[in-house]
$ cat my_file_31.pdb   # PDB, C-alpha atoms
ATOM      1  CA  MET E 542       5.557 -27.968 -31.243
ATOM      2  CA  PRO E 543       4.632 -24.484 -29.921
ATOM      3  CA  HIS E 544       5.997 -23.422 -26.587
ATOM      4  CA  ALA E 545       3.939 -21.707 -23.922
ATOM      5  CA  THR E 546       4.630 -18.018 -23.561
ATOM      6  CA  ALA E 547       6.497 -17.358 -20.360
ATOM      7  CA  ALA E 548       5.551 -14.503 -18.100
ATOM      8  CA  PRO E 549       7.915 -11.541 -18.198
ATOM      9  CA  PRO E 550      10.667 -11.858 -15.649
ATOM     10  CA  SER E 551      10.534  -9.685 -12.593
ATOM     11  CA  SER E 552      13.058  -6.879 -12.497
ATOM     12  CA  GLY E 553      13.910  -7.594  -8.876
ATOM     13  CA  ILE E 554      14.316  -3.888  -8.213
ATOM     14  CA  ARG E 555      12.862  -2.623  -4.953
ATOM     15  CA  PRO E 556      10.193   0.041  -5.582
ATOM     16  CA  ARG E 557      11.276   3.597  -4.808
ATOM     17  CA  TRP E 558       8.982   5.742  -2.684
ATOM     18  CA  TRP E 559       9.635   8.839  -4.799
ATOM     19  CA  THR E 560       8.177   7.060  -7.835
ATOM     20  CA  GLU E 561       5.413   5.182  -5.997
ATOM     21  CA  LEU E 562       3.998   8.211  -4.164
ATOM     22  CA  PRO E 563       3.289  10.297  -7.294
ATOM     23  CA  LEU E 564       1.820   7.238  -9.036
ATOM     24  CA  ILE E 565      -0.591   6.539  -6.179
ATOM     25  CA  ALA E 566      -1.476  10.233  -5.912
ATOM     26  CA  VAL E 567      -2.264  10.428  -9.632
ATOM     27  CA  VAL E 568      -4.463   7.307  -9.574
ATOM     28  CA  TYR E 569      -6.342   8.463  -6.470
ATOM     29  CA  GLY E 570      -6.743  11.932  -7.980
ATOM     30  CA  LEU E 571      -8.202  10.448 -11.159
ATOM     31  CA  TYR E 572     -10.526   8.288  -9.072
ATOM     32  CA  SER E 573     -11.713  11.274  -6.995
ATOM     33  CA  MET E 574     -12.228  13.422 -10.086
ATOM     34  CA  GLY E 575     -14.070  10.576 -11.767
ATOM     35  CA  ARG E 576     -16.479  10.324  -8.820
ATOM     36  CA  LEU E 577     -17.225  14.031  -9.060
ATOM     37  CA  LEU E 578     -17.640  13.987 -12.841
ATOM     38  CA  VAL E 579     -20.148  11.139 -12.734
ATOM     39  CA  HIS E 580     -23.531  12.757 -13.269
ATOM     40  CA  GLU E 581     -25.683  12.561 -10.146
ATOM     41  CA  ASN E 582     -28.898  11.262 -11.675
ATOM     42  CA  VAL E 583     -30.921  11.545  -8.476
ATOM     43  CA  PRO E 584     -34.178   9.920  -9.678
ATOM     44  CA  ALA E 585     -32.267   6.923 -11.086
ATOM     45  CA  ALA E 586     -30.116   6.733  -7.937
ATOM     46  CA  VAL E 587     -33.195   6.705  -5.694
ATOM     47  CA  GLU E 588     -34.870   4.024  -7.806
ATOM     48  CA  ASN E 589     -31.712   1.896  -7.713
ATOM     49  CA  GLY E 590     -31.516   2.262  -3.942
ATOM     50  CA  LEU E 591     -35.147   1.246  -3.485
ATOM     51  CA  ALA E 592     -34.660  -1.705  -5.828
ATOM     52  CA  ILE E 593     -31.751  -2.932  -3.698
ATOM     53  CA  LEU E 594     -33.830  -2.496  -0.541
ATOM     54  CA  ARG E 595     -36.757  -4.462  -2.033
ATOM     55  CA  LEU E 596     -34.410  -7.246  -3.120
ATOM     56  CA  GLU E 597     -32.852  -7.476   0.328
ATOM     57  CA  LYS E 598     -36.275  -7.679   1.971
ATOM     58  CA  ALA E 599     -37.299 -10.424  -0.425
ATOM     59  CA  LEU E 600     -34.108 -12.349   0.454
ATOM     60  CA  HIS E 601     -34.413 -11.538   4.173
ATOM     61  CA  LEU E 602     -31.055  -9.739   4.094
ATOM     62  CA  ASN E 603     -32.304  -6.394   5.355
ATOM     63  CA  ALA E 604     -30.017  -5.899   8.374
ATOM     64  CA  GLU E 605     -29.662  -2.141   7.794
ATOM     65  CA  HIS E 606     -32.780  -1.157   9.746
ATOM     66  CA  PRO E 607     -31.943  -2.877  13.075
ATOM     67  CA  LEU E 608     -28.300  -1.764  12.941
ATOM     68  CA  ASN E 609     -29.293   1.807  12.119
ATOM     69  CA  ARG E 610     -31.809   1.881  14.994
ATOM     70  CA  LEU E 611     -29.107   0.554  17.337
ATOM     71  CA  LEU E 612     -26.644   3.348  16.471
ATOM     72  CA  THR E 613     -29.372   5.982  16.508
ATOM     73  CA  ALA E 614     -30.548   5.025  19.991
ATOM     74  CA  HIS E 615     -27.064   4.663  21.554
ATOM     75  CA  PRO E 616     -24.599   7.539  21.012
ATOM     76  CA  THR E 617     -21.885   5.482  22.696
ATOM     77  CA  LEU E 618     -22.037   3.244  19.632
ATOM     78  CA  GLY E 619     -23.166   5.766  17.039
ATOM     79  CA  VAL E 620     -20.462   8.389  17.579
ATOM     80  CA  PRO E 621     -17.496   5.956  17.378
ATOM     81  CA  ALA E 622     -19.107   4.368  14.317
ATOM     82  CA  ASP E 623     -19.343   7.772  12.634
ATOM     83  CA  PHE E 624     -15.705   8.511  13.447
ATOM     84  CA  ALA E 625     -14.746   5.107  12.041
ATOM     85  CA  TYR E 626     -16.673   5.738   8.830
ATOM     86  CA  ALA E 627     -15.210   9.228   8.383
ATOM     87  CA  SER E 628     -11.557   8.369   9.072
ATOM     88  CA  LEU E 629     -10.462   4.717   8.995
ATOM     89  CA  HIS E 630     -11.044   4.432   5.256
ATOM     90  CA  TYR E 631      -8.368   7.097   4.726
ATOM     91  CA  LEU E 632      -5.976   6.030   7.493
ATOM     92  CA  VAL E 633      -5.838   2.235   7.605
ATOM     93  CA  THR E 634      -5.515   1.694   3.855
ATOM     94  CA  PRO E 635      -2.429   3.931   3.403
ATOM     95  CA  ALA E 636      -0.952   2.529   6.618
ATOM     96  CA  VAL E 637      -1.230  -1.057   5.317
ATOM     97  CA  LEU E 638       0.208   0.006   1.949
ATOM     98  CA  ILE E 639       3.218   1.607   3.666
ATOM     99  CA  TRP E 640       3.635  -1.454   5.890
ATOM    100  CA  ILE E 641       3.721  -3.751   2.863
ATOM    101  CA  PHE E 642       6.183  -1.396   1.131
ATOM    102  CA  ARG E 643       8.591  -1.403   4.077
ATOM    103  CA  ARG E 644       8.236  -4.925   5.474
ATOM    104  CA  ARG E 645       7.092  -7.081   2.535
ATOM    105  CA  SER E 646       8.605  -5.336  -0.469
ATOM    106  CA  ALA E 647       8.448  -8.490  -2.616
ATOM    107  CA  SER E 648       4.643  -8.418  -2.347
ATOM    108  CA  TYR E 649       4.219  -4.654  -2.616
ATOM    109  CA  ARG E 650       3.827  -4.319  -6.375
ATOM    110  CA  ALA E 651       1.070  -6.931  -6.582
ATOM    111  CA  ALA E 652      -0.710  -5.413  -3.567
ATOM    112  CA  ARG E 653      -0.564  -1.904  -5.042
ATOM    113  CA  THR E 654      -1.752  -3.092  -8.469
ATOM    114  CA  TRP E 655      -4.623  -5.013  -6.861
ATOM    115  CA  LEU E 656      -5.763  -1.935  -4.928
ATOM    116  CA  MET E 657      -5.564   0.393  -7.938
ATOM    117  CA  THR E 658      -7.296  -2.015 -10.319
ATOM    118  CA  SER E 659     -10.167  -2.631  -7.911
ATOM    119  CA  THR E 660     -10.566   1.077  -7.202
ATOM    120  CA  LEU E 661     -10.927   1.853 -10.900
ATOM    121  CA  LEU E 662     -13.457  -0.979 -11.220
ATOM    122  CA  GLY E 663     -15.418   0.645  -8.419
ATOM    123  CA  LEU E 664     -15.470   3.877 -10.408
ATOM    124  CA  VAL E 665     -17.049   1.943 -13.294
ATOM    125  CA  GLY E 666     -19.727   0.715 -10.884
ATOM    126  CA  PHE E 667     -20.495   4.264  -9.699
ATOM    127  CA  THR E 668     -20.875   5.329 -13.326
ATOM    128  CA  LEU E 669     -23.128   2.491 -14.427
ATOM    129  CA  MET E 670     -25.289   2.330 -11.316
ATOM    130  CA  PRO E 671     -25.682   5.517  -9.275
ATOM    131  CA  THR E 672     -27.266   4.480  -5.994
ATOM    132  CA  CYS E 673     -28.924   6.498  -3.263
ATOM    133  CA  PRO E 674     -27.646   5.386   0.158
ATOM    134  CA  PRO E 675     -30.249   4.521   2.819
ATOM    135  CA  ARG E 676     -29.649   7.751   4.756
ATOM    136  CA  LEU E 677     -30.760   9.865   1.778
ATOM    137  CA  LEU E 678     -34.025   7.990   1.175
ATOM    138  CA  ASP E 679     -37.274   9.572   2.238
ATOM    139  CA  ALA E 680     -37.793   9.426   6.024
ATOM    140  CA  HIS E 681     -40.787   7.078   5.746
ATOM    141  CA  HIS E 682     -38.384   4.309   4.705
ATOM    142  CA  GLY E 683     -37.188   4.272   8.309
ATOM    143  CA  PHE E 684     -33.511   5.296   8.103
ATOM    144  CA  VAL E 685     -31.747   7.988  10.158
ATOM    145  CA  ASP E 686     -28.590   9.718   8.960
ATOM    146  CA  THR E 687     -26.358   9.169  11.991
ATOM    147  CA  MET E 688     -23.603  11.309  10.443
ATOM    148  CA  ALA E 689     -26.000  14.269  10.539
ATOM    149  CA  GLN E 690     -27.392  13.268  13.942
ATOM    150  CA  TYR E 691     -23.947  13.246  15.574
ATOM    151  CA  SER E 692     -22.285  15.892  13.389
ATOM    152  CA  ALA E 693     -21.630  18.113  16.426
ATOM    153  CA  TYR E 694     -19.108  15.516  17.642
ATOM    154  CA  GLY E 695     -16.964  15.527  14.512
ATOM    155  CA  TRP E 696     -15.819  17.481  11.464
ATOM    156  CA  TRP E 697     -18.424  16.079   9.086
ATOM    157  CA  GLY E 698     -21.781  17.580   8.180
ATOM    158  CA  THR E 699     -24.653  16.286   6.116
ATOM    159  CA  GLY E 700     -22.373  15.135   3.261
ATOM    160  CA  ALA E 701     -21.344  11.785   4.751
ATOM    161  CA  SER E 702     -17.644  11.897   5.701
ATOM    162  CA  ALA E 703     -16.929  15.163   3.859
ATOM    163  CA  PRO E 704     -15.859  18.053   6.140
ATOM    164  CA  ARG E 705     -18.673  20.366   7.175
ATOM    165  CA  GLY E 706     -19.538  22.753   4.353
ATOM    166  CA  LEU E 707     -17.742  20.693   1.683
ATOM    167  CA  SER E 708     -20.432  18.165   0.843
ATOM    168  CA  GLY E 709     -20.362  19.468  -2.729
ATOM    169  CA  MET E 710     -16.871  17.991  -3.074
ATOM    170  CA  THR E 711     -18.169  14.425  -2.929
ATOM    171  CA  ASN E 712     -20.649  12.355  -4.922
ATOM    172  CA  GLN E 713     -23.109  11.102  -2.329
ATOM    173  CA  TYR E 714     -24.771   8.742  -4.814
ATOM    174  CA  ALA E 715     -21.622   6.669  -5.385
ATOM    175  CA  ALA E 716     -22.736   3.904  -3.029
ATOM    176  CA  MET E 717     -22.611   0.798  -5.236
ATOM    177  CA  PRO E 718     -20.156  -0.855  -4.723
ATOM    178  CA  SER E 719     -18.966   0.074  -1.239
ATOM    179  CA  LEU E 720     -15.234   0.748  -1.476
ATOM    180  CA  HIS E 721     -15.199   1.309   2.280
ATOM    181  CA  VAL E 722     -15.820  -2.444   2.468
ATOM    182  CA  GLY E 723     -13.682  -3.222  -0.574
ATOM    183  CA  TRP E 724     -10.611  -1.452   0.766
ATOM    184  CA  ALA E 725     -11.200  -3.031   4.187
ATOM    185  CA  VAL E 726     -11.208  -6.483   2.546
ATOM    186  CA  TRP E 727      -7.917  -5.595   0.822
ATOM    187  CA  CYS E 728      -6.406  -4.559   4.156
ATOM    188  CA  GLY E 729      -7.729  -7.662   5.881
ATOM    189  CA  VAL E 730      -6.321 -10.077   3.306
ATOM    190  CA  LEU E 731      -2.870  -8.493   3.437
ATOM    191  CA  LEU E 732      -2.802  -8.372   7.231
ATOM    192  CA  TRP E 733      -3.832 -12.018   7.426
ATOM    193  CA  ARG E 734      -1.450 -13.187   4.707
ATOM    194  CA  HIS E 735       1.651 -11.240   5.718
ATOM    195  CA  GLY E 736       1.138 -10.666   9.434
ATOM    196  CA  ARG E 737       3.413 -12.608  11.758
ATOM    197  CA  HIS E 738       1.833 -11.686  15.089
ATOM    198  CA  PRO E 739      -1.536 -13.227  16.019
ATOM    199  CA  LEU E 740      -2.947  -9.775  16.837
ATOM    200  CA  VAL E 741      -2.107  -8.521  13.360
ATOM    201  CA  ARG E 742      -3.873 -11.476  11.780
ATOM    202  CA  ALA E 743      -6.838 -11.012  14.121
ATOM    203  CA  ALA E 744      -7.039  -7.380  13.000
ATOM    204  CA  GLY E 745      -7.118  -8.651   9.434
ATOM    205  CA  VAL E 746     -10.310 -10.540  10.228
ATOM    206  CA  ALA E 747     -11.926  -7.937  12.475
ATOM    207  CA  TYR E 748     -11.393  -4.826  10.369
ATOM    208  CA  PRO E 749     -13.563  -5.844   7.360
ATOM    209  CA  LEU E 750     -16.319  -7.104   9.676
ATOM    210  CA  ILE E 751     -16.308  -3.878  11.688
ATOM    211  CA  THR E 752     -16.416  -1.892   8.455
ATOM    212  CA  VAL E 753     -19.505  -3.781   7.255
ATOM    213  CA  PHE E 754     -21.195  -3.087  10.600
ATOM    214  CA  VAL E 755     -20.284   0.620  10.409
ATOM    215  CA  VAL E 756     -21.361   1.303   6.823
ATOM    216  CA  MET E 757     -24.727  -0.393   7.376
ATOM    217  CA  GLY E 758     -25.387   1.008  10.856
ATOM    218  CA  THR E 759     -24.653   4.578   9.775
ATOM    219  CA  ALA E 760     -27.054   4.082   6.809
ATOM    220  CA  ASN E 761     -24.359   4.855   4.283
ATOM    221  CA  HIS E 762     -24.611   1.517   2.462
ATOM    222  CA  TYR E 763     -26.895  -1.449   1.919
ATOM    223  CA  PHE E 764     -25.731  -4.963   2.649
ATOM    224  CA  LEU E 765     -25.562  -5.681  -1.088
ATOM    225  CA  ASP E 766     -23.281  -2.641  -1.502
ATOM    226  CA  ALA E 767     -20.899  -4.367   0.887
ATOM    227  CA  VAL E 768     -21.166  -7.631  -1.051
ATOM    228  CA  ALA E 769     -20.455  -5.760  -4.287
ATOM    229  CA  GLY E 770     -17.412  -4.100  -2.700
ATOM    230  CA  ALA E 771     -15.966  -7.491  -1.796
ATOM    231  CA  ALA E 772     -16.787  -8.801  -5.295
ATOM    232  CA  VAL E 773     -14.963  -5.882  -6.917
ATOM    233  CA  MET E 774     -11.874  -6.717  -4.876
ATOM    234  CA  ALA E 775     -12.121 -10.359  -5.974
ATOM    235  CA  VAL E 776     -12.250  -9.349  -9.651
ATOM    236  CA  GLY E 777      -9.378  -6.921  -9.086
ATOM    237  CA  ALA E 778      -7.332  -9.748  -7.578
ATOM    238  CA  LEU E 779      -7.926 -11.876 -10.695
ATOM    239  CA  LEU E 780      -6.825  -9.017 -12.953
ATOM    240  CA  THR E 781      -3.697  -8.148 -10.993
ATOM    241  CA  ARG E 782      -1.288 -10.575 -12.705
ATOM    242  CA  PRO E 783      -2.484  -9.787 -16.258
ATOM    243  CA  PHE E 784      -2.124  -6.068 -15.553
ATOM    244  CA  MET E 785       1.379  -6.600 -14.185
ATOM    245  CA  ARG E 786       2.402  -8.586 -17.268
ATOM    246  CA  LEU E 787       0.987  -5.881 -19.532
ATOM    247  CA  SER E 788       2.877  -3.240 -17.552
ATOM    248  CA  ASP E 789       6.109  -5.233 -17.904
ATOM    249  CA  ARG E 790       5.677  -5.468 -21.680
ATOM    250  CA  VAL E 791       5.109  -1.718 -21.938
ATOM    251  CA  LYS E 792       8.198  -1.031 -19.813
ATOM    252  CA  ASP E 793      10.349  -3.408 -21.875
ATOM    253  CA  ARG E 794       9.308  -1.764 -25.132
ATOM    254  CA  SER E 795       9.911   1.700 -23.702
ATOM    255  CA  ARG E 796      13.380   0.706 -22.564
ATOM    256  CA  ALA E 797      14.154  -0.747 -26.005
ATOM    257  CA  VAL E 798      13.145   2.531 -27.653
ATOM    258  CA  PHE E 799      15.173   4.672 -25.260
ATOM    259  CA  ALA E 800      18.171   2.339 -25.554
ATOM    260  CA  GLN E 801      18.452   3.254 -29.237
ATOM    261  CA  LEU E 802      18.553   6.984 -28.563
ATOM    262  CA  PRO E 803      22.282   7.194 -27.527
ATOM    263  CA  THR E 804      23.278   5.380 -30.746
ATOM    264  CA  SER E 805      21.269   7.847 -32.764
ATOM    265  CA  ARG E 806      22.899  10.776 -30.971
ATOM    266  CA  ALA E 807      26.351   9.296 -31.537
ATOM    267  CA  ALA E 808      25.578   8.890 -35.227
ATOM    268  CA  ALA E 809      24.424  12.491 -35.382
ATOM    269  CA  GLU E 810      27.575  13.722 -33.635
ATOM    270  CA  SER E 811      29.774  11.795 -36.087
ATOM    271  CA  THR E 812      28.539  14.044 -38.932
ATOM    272  CA  ILE E 813      30.290  17.121 -37.463
ATOM    273  CA  VAL E 814      32.560  18.742 -40.047
ATOM    274  CA  SER E 815      36.291  17.867 -39.633
ATOM    275  CA  ASP E 816      35.477  15.346 -36.880
ATOM    276  CA  GLY E 817      38.260  12.741 -37.074
ATOM    277  CA  CYS E 818      39.748  14.357 -40.210
ATOM    278  CA  LYS E 819      43.202  15.857 -40.821
ATOM    279  CA  THR E 820      43.920  19.115 -42.605
ATOM    280  CA  SER E 821      45.526  19.072 -46.014
ATOM    281  CA  ALA E 822      48.980  20.496 -46.689
ATOM    282  CA  GLY E 823      49.036  24.255 -46.223
ATOM    283  CA  GLU E 824      45.552  24.333 -44.640
ATOM    284  CA  ARG E 825      45.284  25.778 -41.173
ATOM    285  CA  ILE E 826      42.343  25.826 -38.818
ATOM    286  CA  PRO E 827      42.075  29.101 -36.852
ATOM    287  CA  GLY E 828      43.194  28.754 -33.261
ATOM    288  CA  ARG E 829      45.115  25.488 -33.860
ATOM    289  CA  ARG E 830      48.896  25.428 -33.890
ATOM    290  CA  THR E 831      50.570  23.658 -36.834
ATOM    291  CA  ALA E 832      53.790  21.704 -36.992
ATOM    292  CA  SER E 833      55.427  24.432 -39.175
ATOM    293  CA  ALA E 834      54.533  27.065 -36.624
ATOM    294  CA  ASP E 835      55.999  24.962 -33.834
ATOM    295  CA  SER E 836      59.250  24.520 -35.858
ATOM    296  CA  PHE E 837      59.457  28.248 -36.462
ATOM    297  CA  ASP E 838      59.033  28.991 -32.756
ATOM    298  CA  ALA E 839      61.733  26.451 -31.833
ATOM    299  CA  SER E 840      64.287  27.942 -34.302
ATOM    300  CA  ALA E 841      63.499  31.448 -33.049
ATOM    301  CA  ARG E 842      64.160  30.423 -29.476
ATOM    302  CA  ALA E 843      67.449  28.731 -30.463
ATOM    303  CA  SER E 844      68.603  31.884 -32.300
ATOM    304  CA  ALA E 845      67.776  34.031 -29.301
ATOM    305  CA  ASP E 846      69.769  31.750 -27.019
ATOM    306  CA  THR E 847      72.772  32.020 -29.389
ATOM    307  CA  ASP E 848      72.622  35.786 -29.659
ATOM    308  CA  ALA E 849      72.217  36.416 -25.959
ATOM    309  CA  PRO E 850      75.853  35.595 -24.916
ATOM    310  CA  ALA E 851      77.213  37.669 -27.822
ATOM    311  CA  ALA E 852      75.254  40.670 -26.632
ATOM    312  CA  THR E 853      76.645  40.315 -23.108
ATOM    313  CA  ARG E 854      80.188  40.256 -24.431
TER
END
$ encode --input "my_file_31.pdb" --output "structure tokens"
Amino acid sequence: MPHATAAPPSSGIRPRWWTELPLIAVVYGLYSMGRLLVHENVPAAVENGLAILRLEKALHLNAEHPLNRLLTAHPTLGVPADFAYASLHYLVTPAVLIWIFRRRSASYRAARTWLMTSTLLGLVGFTLMPTCPPRLLDAHHGFVDTMAQYSAYGWWGTGASAPRGLSGMTNQYAAMPSLHVGWAVWCGVLLWRHGRHPLVRAAGVAYPLITVFVVMGTANHYFLDAVAGAAVMAVGALLTRPFMRLSDRVKDRSRAVFAQLPTSRAAAESTIVSDGCKTSAGERIPGRRTASADSFDASARASADTDAPAATR
């Protein structure tokens, strides 16, 4: 009767920051480069954006217009929303990752794998479906780019959250799915699941909701972009355990290969000439004293000791 295959055992070793930091940096670097390398097919991106807008209107889900008008008319709401869009995405996510690493180390590996897997899935979405955000549609569609409207208050310009003058360093048509929302969902789930204080758990609920409000009100994303961002995180969560098991298998095989290397080196060292061998009679290795030489030196010293008193007499 066949037995079910057991999952690879956990190593039980606490992750080390000096190995985790380069890994995260490499994955994020690949993600950022991938966004830039995706060809910005502007006509296709505009058509995809308009298709999403038409679908939302047909389903009565078009909340972008009223939220955008609200932030455009009230700087007291629009400016904080722009700051939130330009910064929280890059501050809260690393902060939650560090918190999990330090306080909930047993859950860190799964949380990190979930985040990385979902982020790479988002990159696939940007590649397959370039999407023009509402703020870049023609003005007659009724959207205002609040990031441009309030750019004098912050470091950003017309390139969404990119610093002023560096809009060429970002792909502005990578709107579907919204990883602003996706990463916020990741943060919210972890804060709710692992938070002990009621305020921490409340933040886990509020942060994703605030992010949805911000990305739609600033005209950076459609509502369906936000839905797709949450869906990407759900798929990433389902793939986390399989990816971890695959990673464990690769590590185990690598360790097995490297474990054989010392034996191979030892076997190679054992082939050194004269290693463990004795010289034959009359053979002498340069630099090594022989028993006959030692006997000769001993008899010479004894003769000198005998002759010394005679010389003094």
$ residues_around --input "my_file_31.pdb" --residues "E:Gly777" --least-positions-apart "6" --cutoff "7 Å" --atoms "only C-alpha atoms" --output "list in words"
Trp655, Thr658 and Ser659 of chain E
$ write_last_selection --input "my_file_31.pdb" --atoms "C-alpha atoms" --output "short mmCIF file (atom, residue, chain, number, x, y, z; two decimals), keeping the file's coordinate frame"
data_model
loop_
_atom_site.label_atom_id
_atom_site.label_comp_id
_atom_site.auth_asym_id
_atom_site.auth_seq_id
_atom_site.Cartn_x
_atom_site.Cartn_y
_atom_site.Cartn_z
CA TRP E 655 -4.62 -5.01 -6.86
CA THR E 658 -7.30 -2.02 -10.32
CA SER E 659 -10.17 -2.63 -7.91
#
$ atom_distance --input "my_file_31.pdb" --atom1 "atom CA of E:Ala622" --atom2 "atom CA of E:Met657"
26.4 Å
$ closest_residue --input "my_file_31.pdb" --among "E:Leu662, E:Trp640, E:Val620, E:Thr634" --to "E:Thr687" --atoms "all atoms listed in the file"
E:Val620
$ atom_distance --input "my_file_31.pdb" --atom1 "atom CA of E:Pro675" --atom2 "atom CA of E:Ala778"
28.9 Å
$ resolve_selection --input "my_file_31.pdb" --expression "the PyMOL selection byres ((chain E and resi 750-765) around 6)" --output "short mmCIF file (atom, residue, chain, number, x, y, z; two decimals) with C-alpha atoms, in the coordinates of the input"
data_model
loop_
_atom_site.label_atom_id
_atom_site.label_comp_id
_atom_site.auth_asym_id
_atom_site.auth_seq_id
_atom_site.Cartn_x
_atom_site.Cartn_y
_atom_site.Cartn_z
CA GLU E 605 -29.66 -2.14 7.79
CA LEU E 608 -28.30 -1.76 12.94
CA ASN E 609 -29.29 1.81 12.12
CA ALA E 622 -19.11 4.37 14.32
CA PRO E 674 -27.65 5.39 0.16
CA PRO E 675 -30.25 4.52 2.82
CA ARG E 676 -29.65 7.75 4.76
CA THR E 687 -26.36 9.17 11.99
CA ALA E 747 -11.93 -7.94 12.48
CA TYR E 748 -11.39 -4.83 10.37
CA PRO E 749 -13.56 -5.84 7.36
CA ASP E 766 -23.28 -2.64 -1.50
CA ALA E 767 -20.90 -4.37 0.89
CA VAL E 768 -21.17 -7.63 -1.05
#
$ atom_distance --input "my_file_31.pdb" --atom1 "atom CA of E:Leu611" --atom2 "atom CA of E:Tyr626"
15.9 Å
$ residues_around --input "my_file_31.pdb" --residues "E:Pro671" --least-positions-apart "3" --cutoff "10 Å" --atoms "only C-alpha atoms" --output "PyMOL selection string"
chain E and resi 579-590+666-668+674+712-718
$ residues_around --input "my_file_31.pdb" --residues "E:Tyr649" --least-positions-apart "5" --cutoff "8 Å" --atoms "only C-alpha atoms" --output "compact mmCIF listing (two decimals) with C-alpha atoms, keeping the file's coordinate frame"
# COMPACT_ATOMS: atom_id res chain seq x y z
CA LEU E 638 0.21 0.01 1.95
CA ILE E 641 3.72 -3.75 2.86
CA PHE E 642 6.18 -1.40 1.13
$ resolve_selection --input "my_file_31.pdb" --expression "the PyMOL selection byres ((chain E and resi 723) around 6)" --output "ChimeraX atom specification"
/E:720-722,724-726,770-771,774
$ closest_residue --input "my_file_31.pdb" --among "E:Leu661, E:Leu678, E:Leu731, E:Val685" --to "E:Val776" --atoms "all atoms listed in the file"
E:Leu661
$ resolve_selection --input "my_file_31.pdb" --expression "the PyMOL selection byres ((chain E and resi 735) around 12)" --output "list in words"
Val637, Leu638, Trp640, Ile641, Phe642, Arg644, Arg645, Ser646, Ala647, Ser648, Tyr649, Ala652, Cys728, Gly729, Val730, Leu731, Leu732, Trp733, Arg734, Gly736, Arg737, His738, Pro739, Val741, Arg742, Ala743, Ala744 and Gly745 of chain E
$ closest_residue --input "my_file_31.pdb" --among "E:Ser692, E:Leu740, E:Leu802, E:Pro635" --to "E:Trp727" --atoms "all atoms listed in the file"
E:Pro635
$ closest_residue --input "my_file_31.pdb" --among "E:His606, E:Val633, E:Met688, E:Ala772" --to "E:Thr660" --atoms "all atoms listed in the file"
E:Ala772
$ decode --input "my_file_31.pdb" --residues "stretch 590-600 of chain E" --atoms "N, CA, C and O atoms" --output "PDB file, in the first residue's frame"
ATOM      1  N   GLY E 590      -7.490  50.187 -20.088  1.00  0.00           N
ATOM      2  CA  GLY E 590      -8.040  51.050 -19.048  1.00  0.00           C
ATOM      3  C   GLY E 590      -9.481  51.427 -19.315  1.00  0.00           C
ATOM      4  O   GLY E 590     -10.338  51.404 -18.407  1.00  0.00           O
ATOM      5  N   LEU E 591      -9.791  51.779 -20.572  1.00  0.00           N
ATOM      6  CA  LEU E 591     -11.160  52.140 -20.920  1.00  0.00           C
ATOM      7  C   LEU E 591     -12.098  50.937 -20.816  1.00  0.00           C
ATOM      8  O   LEU E 591     -13.258  51.079 -20.424  1.00  0.00           O
ATOM      9  N   ALA E 592     -11.578  49.754 -21.145  1.00  0.00           N
ATOM     10  CA  ALA E 592     -12.400  48.550 -21.027  1.00  0.00           C
ATOM     11  C   ALA E 592     -12.764  48.292 -19.563  1.00  0.00           C
ATOM     12  O   ALA E 592     -13.914  47.916 -19.251  1.00  0.00           O
ATOM     13  N   ILE E 593     -11.803  48.486 -18.668  1.00  0.00           N
ATOM     14  CA  ILE E 593     -12.082  48.314 -17.240  1.00  0.00           C
ATOM     15  C   ILE E 593     -13.116  49.330 -16.777  1.00  0.00           C
ATOM     16  O   ILE E 593     -14.052  49.009 -16.029  1.00  0.00           O
ATOM     17  N   LEU E 594     -12.970  50.581 -17.241  1.00  0.00           N
ATOM     18  CA  LEU E 594     -13.902  51.632 -16.842  1.00  0.00           C
ATOM     19  C   LEU E 594     -15.312  51.327 -17.339  1.00  0.00           C
ATOM     20  O   LEU E 594     -16.297  51.502 -16.606  1.00  0.00           O
ATOM     21  N   ARG E 595     -15.429  50.846 -18.588  1.00  0.00           N
ATOM     22  CA  ARG E 595     -16.759  50.494 -19.123  1.00  0.00           C
ATOM     23  C   ARG E 595     -17.381  49.344 -18.346  1.00  0.00           C
ATOM     24  O   ARG E 595     -18.588  49.350 -18.048  1.00  0.00           O
ATOM     25  N   LEU E 596     -16.549  48.366 -17.977  1.00  0.00           N
ATOM     26  CA  LEU E 596     -17.065  47.226 -17.208  1.00  0.00           C
ATOM     27  C   LEU E 596     -17.550  47.673 -15.834  1.00  0.00           C
ATOM     28  O   LEU E 596     -18.608  47.231 -15.366  1.00  0.00           O
ATOM     29  N   GLU E 597     -16.797  48.540 -15.202  1.00  0.00           N
ATOM     30  CA  GLU E 597     -17.204  49.024 -13.874  1.00  0.00           C
ATOM     31  C   GLU E 597     -18.516  49.805 -13.952  1.00  0.00           C
ATOM     32  O   GLU E 597     -19.385  49.671 -13.077  1.00  0.00           O
ATOM     33  N   LYS E 598     -18.667  50.606 -14.994  1.00  0.00           N
ATOM     34  CA  LYS E 598     -19.917  51.370 -15.139  1.00  0.00           C
ATOM     35  C   LYS E 598     -21.093  50.431 -15.375  1.00  0.00           C
ATOM     36  O   LYS E 598     -22.200  50.650 -14.845  1.00  0.00           O
ATOM     37  N   ALA E 599     -20.848  49.388 -16.140  1.00  0.00           N
ATOM     38  CA  ALA E 599     -21.926  48.420 -16.399  1.00  0.00           C
ATOM     39  C   ALA E 599     -22.328  47.694 -15.127  1.00  0.00           C
ATOM     40  O   ALA E 599     -23.507  47.344 -14.946  1.00  0.00           O
ATOM     41  N   LEU E 600     -21.342  47.474 -14.221  1.00  0.00           N
ATOM     42  CA  LEU E 600     -21.609  46.766 -12.960  1.00  0.00           C
ATOM     43  C   LEU E 600     -21.899  47.724 -11.809  1.00  0.00           C
ATOM     44  O   LEU E 600     -22.052  47.285 -10.668  1.00  0.00           O
TER      45      LEU E 600
END
